[in-house]
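Source file: target.cif. Holds: mmCIF, C-alpha atoms.
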```cif
data_final
#
loop_
_atom_site.group_PDB
_atom_site.id
_atom_site.type_symbol
_atom_site.label_atom_id
_atom_site.label_comp_id
_atom_site.auth_asym_id
_atom_site.auth_seq_id
_atom_site.Cartn_x
_atom_site.Cartn_y
_atom_site.Cartn_z
ATOM 1 C CA MET A 1 27.176 -36.847 -46.845
ATOM 2 C CA ILE A 2 27.515 -40.639 -46.767
ATOM 3 C CA SER A 3 25.443 -42.738 -44.406
ATOM 4 C CA TRP A 4 26.936 -46.219 -44.255
ATOM 5 C CA LYS A 5 24.573 -48.999 -45.313
ATOM 6 C CA SER A 6 25.110 -52.709 -44.908
ATOM 7 C CA CYS A 7 24.945 -53.123 -48.693
ATOM 8 C CA TYR A 8 28.362 -51.387 -48.833
ATOM 9 C CA ASP A 9 29.995 -54.202 -46.836
ATOM 10 C CA ILE A 10 31.958 -56.485 -49.145
ATOM 11 C CA GLY A 11 32.245 -59.273 -46.567
ATOM 12 C CA ILE A 12 35.971 -58.884 -45.926
ATOM 13 C CA ALA A 13 36.286 -57.401 -42.431
ATOM 14 C CA THR A 14 39.624 -55.678 -43.030
ATOM 15 C CA PHE A 15 38.490 -53.874 -46.155
ATOM 16 C CA ASP A 16 35.076 -53.044 -44.715
ATOM 17 C CA ASP A 17 36.851 -51.343 -41.783
ATOM 18 C CA GLU A 18 39.111 -49.430 -44.161
ATOM 19 C CA HIS A 19 36.113 -48.371 -46.266
ATOM 20 C CA HIS A 20 34.425 -47.039 -43.116
ATOM 21 C CA GLN A 21 37.542 -44.948 -42.434
ATOM 22 C CA LEU A 22 37.568 -43.567 -45.982
ATOM 23 C CA VAL A 23 33.879 -42.677 -45.736
ATOM 24 C CA GLY A 24 34.553 -40.976 -42.410
ATOM 25 C CA THR A 25 37.306 -38.880 -43.971
ATOM 26 C CA ILE A 26 35.073 -37.846 -46.875
ATOM 27 C CA ASN A 27 32.344 -36.928 -44.383
ATOM 28 C CA GLN A 28 34.823 -34.814 -42.375
ATOM 29 C CA LEU A 29 35.932 -33.070 -45.556
ATOM 30 C CA TYR A 30 32.307 -32.406 -46.496
ATOM 31 C CA GLY A 31 31.547 -31.061 -43.011
ATOM 32 C CA ALA A 32 34.543 -28.721 -43.146
ATOM 33 C CA MET A 33 33.467 -27.460 -46.564
ATOM 34 C CA ARG A 34 29.882 -26.816 -45.422
ATOM 35 C CA GLU A 35 31.090 -24.998 -42.310
ATOM 36 C CA LYS A 36 33.427 -22.885 -44.473
ATOM 37 C CA ARG A 37 36.425 -23.793 -42.353
ATOM 38 C CA ALA A 38 39.822 -22.380 -43.234
ATOM 39 C CA ASP A 39 41.616 -23.654 -46.306
ATOM 40 C CA ALA A 40 44.349 -25.078 -44.046
ATOM 41 C CA THR A 41 41.781 -27.387 -42.419
ATOM 42 C CA LEU A 42 40.478 -28.461 -45.805
ATOM 43 C CA GLU A 43 44.021 -28.985 -47.065
ATOM 44 C CA GLY A 44 44.842 -31.204 -44.088
ATOM 45 C CA LEU A 45 41.711 -33.291 -44.564
ATOM 46 C CA LEU A 46 42.346 -33.593 -48.292
ATOM 47 C CA GLN A 47 45.906 -34.727 -47.535
ATOM 48 C CA ASP A 48 44.487 -37.317 -45.113
ATOM 49 C CA LEU A 49 42.157 -38.565 -47.851
ATOM 50 C CA ILE A 50 45.063 -38.944 -50.281
ATOM 51 C CA HIS A 51 47.136 -40.720 -47.644
ATOM 52 C CA TYR A 52 44.315 -43.092 -46.669
ATOM 53 C CA THR A 53 43.375 -43.930 -50.255
ATOM 54 C CA GLU A 54 46.988 -44.715 -51.129
ATOM 55 C CA ILE A 55 47.380 -46.997 -48.104
ATOM 56 C CA HIS A 56 44.029 -48.703 -48.630
ATOM 57 C CA PHE A 57 44.579 -49.188 -52.349
ATOM 58 C CA ALA A 58 48.071 -50.607 -51.763
ATOM 59 C CA HIS A 59 46.569 -53.012 -49.216
ATOM 60 C CA GLU A 60 43.872 -54.173 -51.627
ATOM 61 C CA GLU A 61 46.408 -54.539 -54.433
ATOM 62 C CA GLU A 62 48.756 -56.596 -52.252
ATOM 63 C CA VAL A 63 45.876 -58.960 -51.392
ATOM 64 C CA MET A 64 44.772 -59.168 -55.041
ATOM 65 C CA ASP A 65 48.317 -60.146 -56.039
ATOM 66 C CA ARG A 66 48.676 -62.630 -53.175
ATOM 67 C CA TYR A 67 45.482 -64.485 -54.101
ATOM 68 C CA ARG A 68 45.836 -63.996 -57.873
ATOM 69 C CA PHE A 69 42.630 -62.029 -58.421
ATOM 70 C CA ASP A 70 41.933 -62.127 -62.155
ATOM 71 C CA ALA A 71 40.595 -58.551 -62.457
ATOM 72 C CA VAL A 72 43.606 -56.935 -60.783
ATOM 73 C CA ASP A 73 44.575 -54.680 -63.716
ATOM 74 C CA PRO A 74 41.260 -52.847 -64.186
ATOM 75 C CA HIS A 75 40.816 -52.638 -60.409
ATOM 76 C CA CYS A 76 44.251 -51.044 -59.969
ATOM 77 C CA SER A 77 43.572 -48.711 -62.884
ATOM 78 C CA GLU A 78 40.505 -47.362 -61.069
ATOM 79 C CA HIS A 79 42.643 -46.804 -57.990
ATOM 80 C CA ARG A 80 45.272 -44.863 -59.913
ATOM 81 C CA GLN A 81 42.638 -42.729 -61.641
ATOM 82 C CA LEU A 82 41.104 -41.649 -58.336
ATOM 83 C CA VAL A 83 44.421 -40.857 -56.659
ATOM 84 C CA ASP A 84 45.509 -38.868 -59.726
ATOM 85 C CA LYS A 85 42.210 -36.959 -59.731
ATOM 86 C CA ILE A 86 42.442 -36.116 -56.010
ATOM 87 C CA LYS A 87 46.078 -35.018 -56.372
ATOM 88 C CA GLN A 88 45.157 -32.817 -59.343
ATOM 89 C CA PHE A 89 42.355 -31.286 -57.330
ATOM 90 C CA GLN A 90 44.799 -30.676 -54.463
ATOM 91 C CA ARG A 91 47.250 -28.936 -56.828
ATOM 92 C CA ASP A 92 44.433 -26.781 -58.235
ATOM 93 C CA LEU A 93 43.268 -25.912 -54.717
ATOM 94 C CA ASN A 94 46.811 -24.957 -53.671
ATOM 95 C CA GLN A 95 47.205 -22.754 -56.755
ATOM 96 C CA GLY A 96 43.854 -21.055 -56.174
ATOM 97 C CA LYS A 97 42.357 -22.504 -59.367
ATOM 98 C CA GLU A 98 39.736 -24.543 -57.527
ATOM 99 C CA ARG A 99 37.701 -24.437 -54.347
ATOM 100 C CA LEU A 100 36.249 -27.367 -52.508
ATOM 101 C CA SER A 101 32.720 -27.522 -53.876
ATOM 102 C CA ALA A 102 29.592 -29.631 -53.695
ATOM 103 C CA GLU A 103 30.480 -30.886 -57.183
ATOM 104 C CA VAL A 104 33.867 -32.195 -56.030
ATOM 105 C CA MET A 105 32.309 -33.772 -52.942
ATOM 106 C CA THR A 106 29.618 -35.436 -55.068
ATOM 107 C CA PHE A 107 32.336 -36.817 -57.344
ATOM 108 C CA LEU A 108 34.229 -38.284 -54.354
ATOM 109 C CA ARG A 109 31.060 -39.742 -52.846
ATOM 110 C CA ASN A 110 29.872 -41.278 -56.100
ATOM 111 C CA TRP A 111 33.287 -42.627 -57.057
ATOM 112 C CA LEU A 112 33.860 -44.296 -53.687
ATOM 113 C CA LEU A 113 30.405 -45.817 -53.392
ATOM 114 C CA ASP A 114 30.367 -47.003 -57.025
ATOM 115 C CA HIS A 115 33.832 -48.498 -56.585
ATOM 116 C CA ILE A 116 32.823 -50.281 -53.381
ATOM 117 C CA VAL A 117 29.502 -51.705 -54.601
ATOM 118 C CA GLU A 118 30.826 -52.753 -58.002
ATOM 119 C CA THR A 119 34.578 -53.253 -58.133
ATOM 120 C CA ASP A 120 35.337 -54.053 -54.490
ATOM 121 C CA MET A 121 32.250 -56.256 -54.209
ATOM 122 C CA ALA A 122 33.692 -58.476 -56.967
ATOM 123 C CA LEU A 123 36.959 -58.707 -55.020
ATOM 124 C CA GLY A 124 34.997 -59.564 -51.872
ATOM 125 C CA ARG A 125 33.126 -62.373 -53.658
ATOM 126 C CA PHE A 126 36.391 -63.733 -55.041
ATOM 127 C CA LEU A 127 38.082 -63.754 -51.635
ATOM 128 C CA ARG A 128 35.079 -65.298 -49.871
ATOM 129 C CA ASP A 129 34.995 -68.009 -52.557
ATOM 130 C CA GLN A 130 38.598 -68.737 -51.516
ATOM 131 C CA GLY A 131 37.461 -68.986 -47.885
ATOM 132 C CA ILE A 132 39.040 -65.650 -46.949
ATOM 133 C CA TYR A 133 36.951 -63.294 -44.815
ATOM 134 C CA ASP A 134 39.684 -61.179 -43.243
ATOM 135 C CA CYS A 135 43.076 -60.005 -44.481
ATOM 136 C CA GLY A 136 44.656 -59.064 -41.187
ATOM 137 C CA PRO A 137 44.316 -55.801 -39.318
ATOM 138 C CA PRO A 138 43.276 -52.689 -41.220
ATOM 139 C CA LYS A 139 46.205 -50.631 -42.453
ATOM 140 C CA LEU A 140 44.518 -47.249 -41.898
#
```

What do you get writing this file as structure tokens?
Amino acid sequence: MISWKSCYDIGIATFDDEHHQLVGTINQLYGAMREKRADATLEGLLQDLIHYTEIHFAHEEEVMDRYRFDAVDPHCSEHRQLVDKIKQFQRDLNQGKERLSAEVMTFLRNWLLDHIVETDMALGRFLRDQGIYDCGPPKL
């Protein structure tokens, strides 16, 4: 579903590694959906995605606070909106109101890639301007 391209790298090794992991999880979820695997498999992968996004977003937010990134509030707002949307989807899936669909997968793909190439890229530029190219080991 997502083929990684170098234009998605924000130039901060830690976050680039974490983004690769998130993309891998979305690709696994997409593969499971296409193969019509059991709902339990999809549920586990969706839970992994929630877990990974929360850890990654917390890591980014900690770095933004540490280095006083000026666009921290809108950046964090985007994070919260995605996590809330995924959790709502998970609740709907658990209650039988929703099924994992191409539409949901397209939303996840588009949101992540748009967030990386726009919002995270600005964070990457800011950190590189501060001489920071790595923020320690990936948290995922």

* To do: Evaluate the PyMOL selection byres ((chain A and resi 13-27) around 9) on the structure here and hand back the selected residues as number ranges by chain.
  => A: 1-4, 8-12, 28-32, 45-46, 48-49, 52-53, 56, 59-60, 105, 108-109, 112-113, 116, 120, 124, 133-140

* **Residue nearest Pro74 (chain A) among A:Lys5, A:Ala102, A:Ile86, A:Glu61 (counting only C-alpha atoms)** => A:Glu61

I would like the residues chosen by the PyMOL selection byres ((chain A and resi 69) around 12) on the shown file; could you give them as an mmCIF file with C-alpha atoms, in the coordinates of the input?
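Just written: selection.cif:
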```cif
data_model
loop_
_atom_site.group_PDB
_atom_site.id
_atom_site.type_symbol
_atom_site.label_atom_id
_atom_site.label_comp_id
_atom_site.auth_asym_id
_atom_site.auth_seq_id
_atom_site.Cartn_x
_atom_site.Cartn_y
_atom_site.Cartn_z
ATOM 1 C CA GLU A 60 43.872 -54.173 -51.627
ATOM 2 C CA GLU A 61 46.408 -54.539 -54.433
ATOM 3 C CA GLU A 62 48.756 -56.596 -52.252
ATOM 4 C CA VAL A 63 45.876 -58.960 -51.392
ATOM 5 C CA MET A 64 44.772 -59.168 -55.041
ATOM 6 C CA ASP A 65 48.317 -60.146 -56.039
ATOM 7 C CA ARG A 66 48.676 -62.630 -53.175
ATOM 8 C CA TYR A 67 45.482 -64.485 -54.101
ATOM 9 C CA ARG A 68 45.836 -63.996 -57.873
ATOM 10 C CA ASP A 70 41.933 -62.127 -62.155
ATOM 11 C CA ALA A 71 40.595 -58.551 -62.457
ATOM 12 C CA VAL A 72 43.606 -56.935 -60.783
ATOM 13 C CA ASP A 73 44.575 -54.680 -63.716
ATOM 14 C CA PRO A 74 41.260 -52.847 -64.186
ATOM 15 C CA HIS A 75 40.816 -52.638 -60.409
ATOM 16 C CA CYS A 76 44.251 -51.044 -59.969
ATOM 17 C CA THR A 119 34.578 -53.253 -58.133
ATOM 18 C CA ASP A 120 35.337 -54.053 -54.490
ATOM 19 C CA ALA A 122 33.692 -58.476 -56.967
ATOM 20 C CA LEU A 123 36.959 -58.707 -55.020
ATOM 21 C CA GLY A 124 34.997 -59.564 -51.872
ATOM 22 C CA ARG A 125 33.126 -62.373 -53.658
ATOM 23 C CA PHE A 126 36.391 -63.733 -55.041
ATOM 24 C CA LEU A 127 38.082 -63.754 -51.635
ATOM 25 C CA ARG A 128 35.079 -65.298 -49.871
ATOM 26 C CA ASP A 129 34.995 -68.009 -52.557
ATOM 27 C CA GLN A 130 38.598 -68.737 -51.516
#
```

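With CA of Lys97 (chain A) on one side and CA of Ile55 (chain A) on the other, the separation reads 27.4 Å.
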
Could the centre and edge lengths of an axis-aligned box, enclosing all atoms of region 2-7 of chain A in the file with 5 Å extra on each side, be given in Å to one decimal as JSON?
```
{"center_x": 26.0, "center_y": -46.9, "center_z": -46.5, "size_x": 12.9, "size_y": 22.5, "size_z": 14.4}
```

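CA of Thr41 (chain A) to CA of Ala58 (chain A) spans 25.8 Å [interatomic distance, one decimal].
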
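Remark: for His79 (chain A), the closest of the candidate residues A:Leu42, A:Cys7, A:His115, A:Met121 is A:His115 (distances computed over all atoms listed in the file).
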
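For the pair CA of Arg34 (chain A) and CA of Asp92 (chain A), the separation is 19.4 Å.
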
* For each of A:Val117, A:Ile132, A:Gln81, A:Leu100, take the minimum atom-to-atom distance to Arg37 (chain A), counting all atoms listed in the file, then give the residue where this is smallest. => A:Leu100

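Across A:Asn110, A:Gly131, A:Met33, A:Glu54, the tightest approach to Val83 (chain A) is made by A:Glu54 when counting only C-alpha atoms.
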
Could region 21-38 of chain A be completed with N, CA and C atoms and written as a PDB file, in the frame of the given file, please?
```
ATOM      1  N   GLN A  21      36.606 -46.047 -42.701  1.00  0.00           N
ATOM      2  CA  GLN A  21      37.542 -44.948 -42.434  1.00  0.00           C
ATOM      3  C   GLN A  21      37.553 -43.954 -43.595  1.00  0.00           C
ATOM      4  N   LEU A  22      37.581 -44.459 -44.821  1.00  0.00           N
ATOM      5  CA  LEU A  22      37.568 -43.567 -45.982  1.00  0.00           C
ATOM      6  C   LEU A  22      36.284 -42.749 -46.024  1.00  0.00           C
ATOM      7  N   VAL A  23      35.152 -43.386 -45.761  1.00  0.00           N
ATOM      8  CA  VAL A  23      33.879 -42.677 -45.736  1.00  0.00           C
ATOM      9  C   VAL A  23      33.900 -41.608 -44.646  1.00  0.00           C
ATOM     10  N   GLY A  24      34.451 -41.949 -43.491  1.00  0.00           N
ATOM     11  CA  GLY A  24      34.553 -40.976 -42.410  1.00  0.00           C
ATOM     12  C   GLY A  24      35.381 -39.763 -42.807  1.00  0.00           C
ATOM     13  N   THR A  25      36.454 -39.977 -43.520  1.00  0.00           N
ATOM     14  CA  THR A  25      37.306 -38.880 -43.971  1.00  0.00           C
ATOM     15  C   THR A  25      36.567 -38.003 -44.978  1.00  0.00           C
ATOM     16  N   ILE A  26      35.860 -38.624 -45.907  1.00  0.00           N
ATOM     17  CA  ILE A  26      35.073 -37.846 -46.875  1.00  0.00           C
ATOM     18  C   ILE A  26      33.995 -37.048 -46.146  1.00  0.00           C
ATOM     19  N   ASN A  27      33.365 -37.650 -45.153  1.00  0.00           N
ATOM     20  CA  ASN A  27      32.344 -36.928 -44.383  1.00  0.00           C
ATOM     21  C   ASN A  27      32.950 -35.750 -43.614  1.00  0.00           C
ATOM     22  N   GLN A  28      34.146 -35.921 -43.067  1.00  0.00           N
ATOM     23  CA  GLN A  28      34.823 -34.814 -42.375  1.00  0.00           C
ATOM     24  C   GLN A  28      35.140 -33.681 -43.357  1.00  0.00           C
ATOM     25  N   LEU A  29      35.615 -34.054 -44.528  1.00  0.00           N
ATOM     26  CA  LEU A  29      35.932 -33.070 -45.556  1.00  0.00           C
ATOM     27  C   LEU A  29      34.672 -32.308 -45.961  1.00  0.00           C
ATOM     28  N   TYR A  30      33.584 -33.027 -46.133  1.00  0.00           N
ATOM     29  CA  TYR A  30      32.307 -32.406 -46.496  1.00  0.00           C
ATOM     30  C   TYR A  30      31.842 -31.452 -45.384  1.00  0.00           C
ATOM     31  N   GLY A  31      31.937 -31.905 -44.131  1.00  0.00           N
ATOM     32  CA  GLY A  31      31.547 -31.061 -43.011  1.00  0.00           C
ATOM     33  C   GLY A  31      32.365 -29.782 -42.952  1.00  0.00           C
ATOM     34  N   ALA A  32      33.664 -29.895 -43.161  1.00  0.00           N
ATOM     35  CA  ALA A  32      34.543 -28.721 -43.146  1.00  0.00           C
ATOM     36  C   ALA A  32      34.184 -27.755 -44.270  1.00  0.00           C
ATOM     37  N   MET A  33      33.850 -28.302 -45.437  1.00  0.00           N
ATOM     38  CA  MET A  33      33.467 -27.460 -46.564  1.00  0.00           C
ATOM     39  C   MET A  33      32.167 -26.720 -46.251  1.00  0.00           C
ATOM     40  N   ARG A  34      31.188 -27.429 -45.731  1.00  0.00           N
ATOM     41  CA  ARG A  34      29.882 -26.816 -45.422  1.00  0.00           C
ATOM     42  C   ARG A  34      29.999 -25.750 -44.342  1.00  0.00           C
ATOM     43  N   GLU A  35      30.902 -25.961 -43.399  1.00  0.00           N
ATOM     44  CA  GLU A  35      31.090 -24.998 -42.310  1.00  0.00           C
ATOM     45  C   GLU A  35      32.046 -23.871 -42.694  1.00  0.00           C
ATOM     46  N   LYS A  36      32.513 -23.915 -43.952  1.00  0.00           N
ATOM     47  CA  LYS A  36      33.427 -22.885 -44.473  1.00  0.00           C
ATOM     48  C   LYS A  36      34.653 -22.704 -43.579  1.00  0.00           C
ATOM     49  N   ARG A  37      35.208 -23.847 -43.169  1.00  0.00           N
ATOM     50  CA  ARG A  37      36.425 -23.793 -42.353  1.00  0.00           C
ATOM     51  C   ARG A  37      37.585 -23.298 -43.201  1.00  0.00           C
ATOM     52  N   ALA A  38      38.645 -22.930 -42.552  1.00  0.00           N
ATOM     53  CA  ALA A  38      39.822 -22.380 -43.234  1.00  0.00           C
ATOM     54  C   ALA A  38      40.390 -23.369 -44.238  1.00  0.00           C
TER      55      ALA A  38
END
```
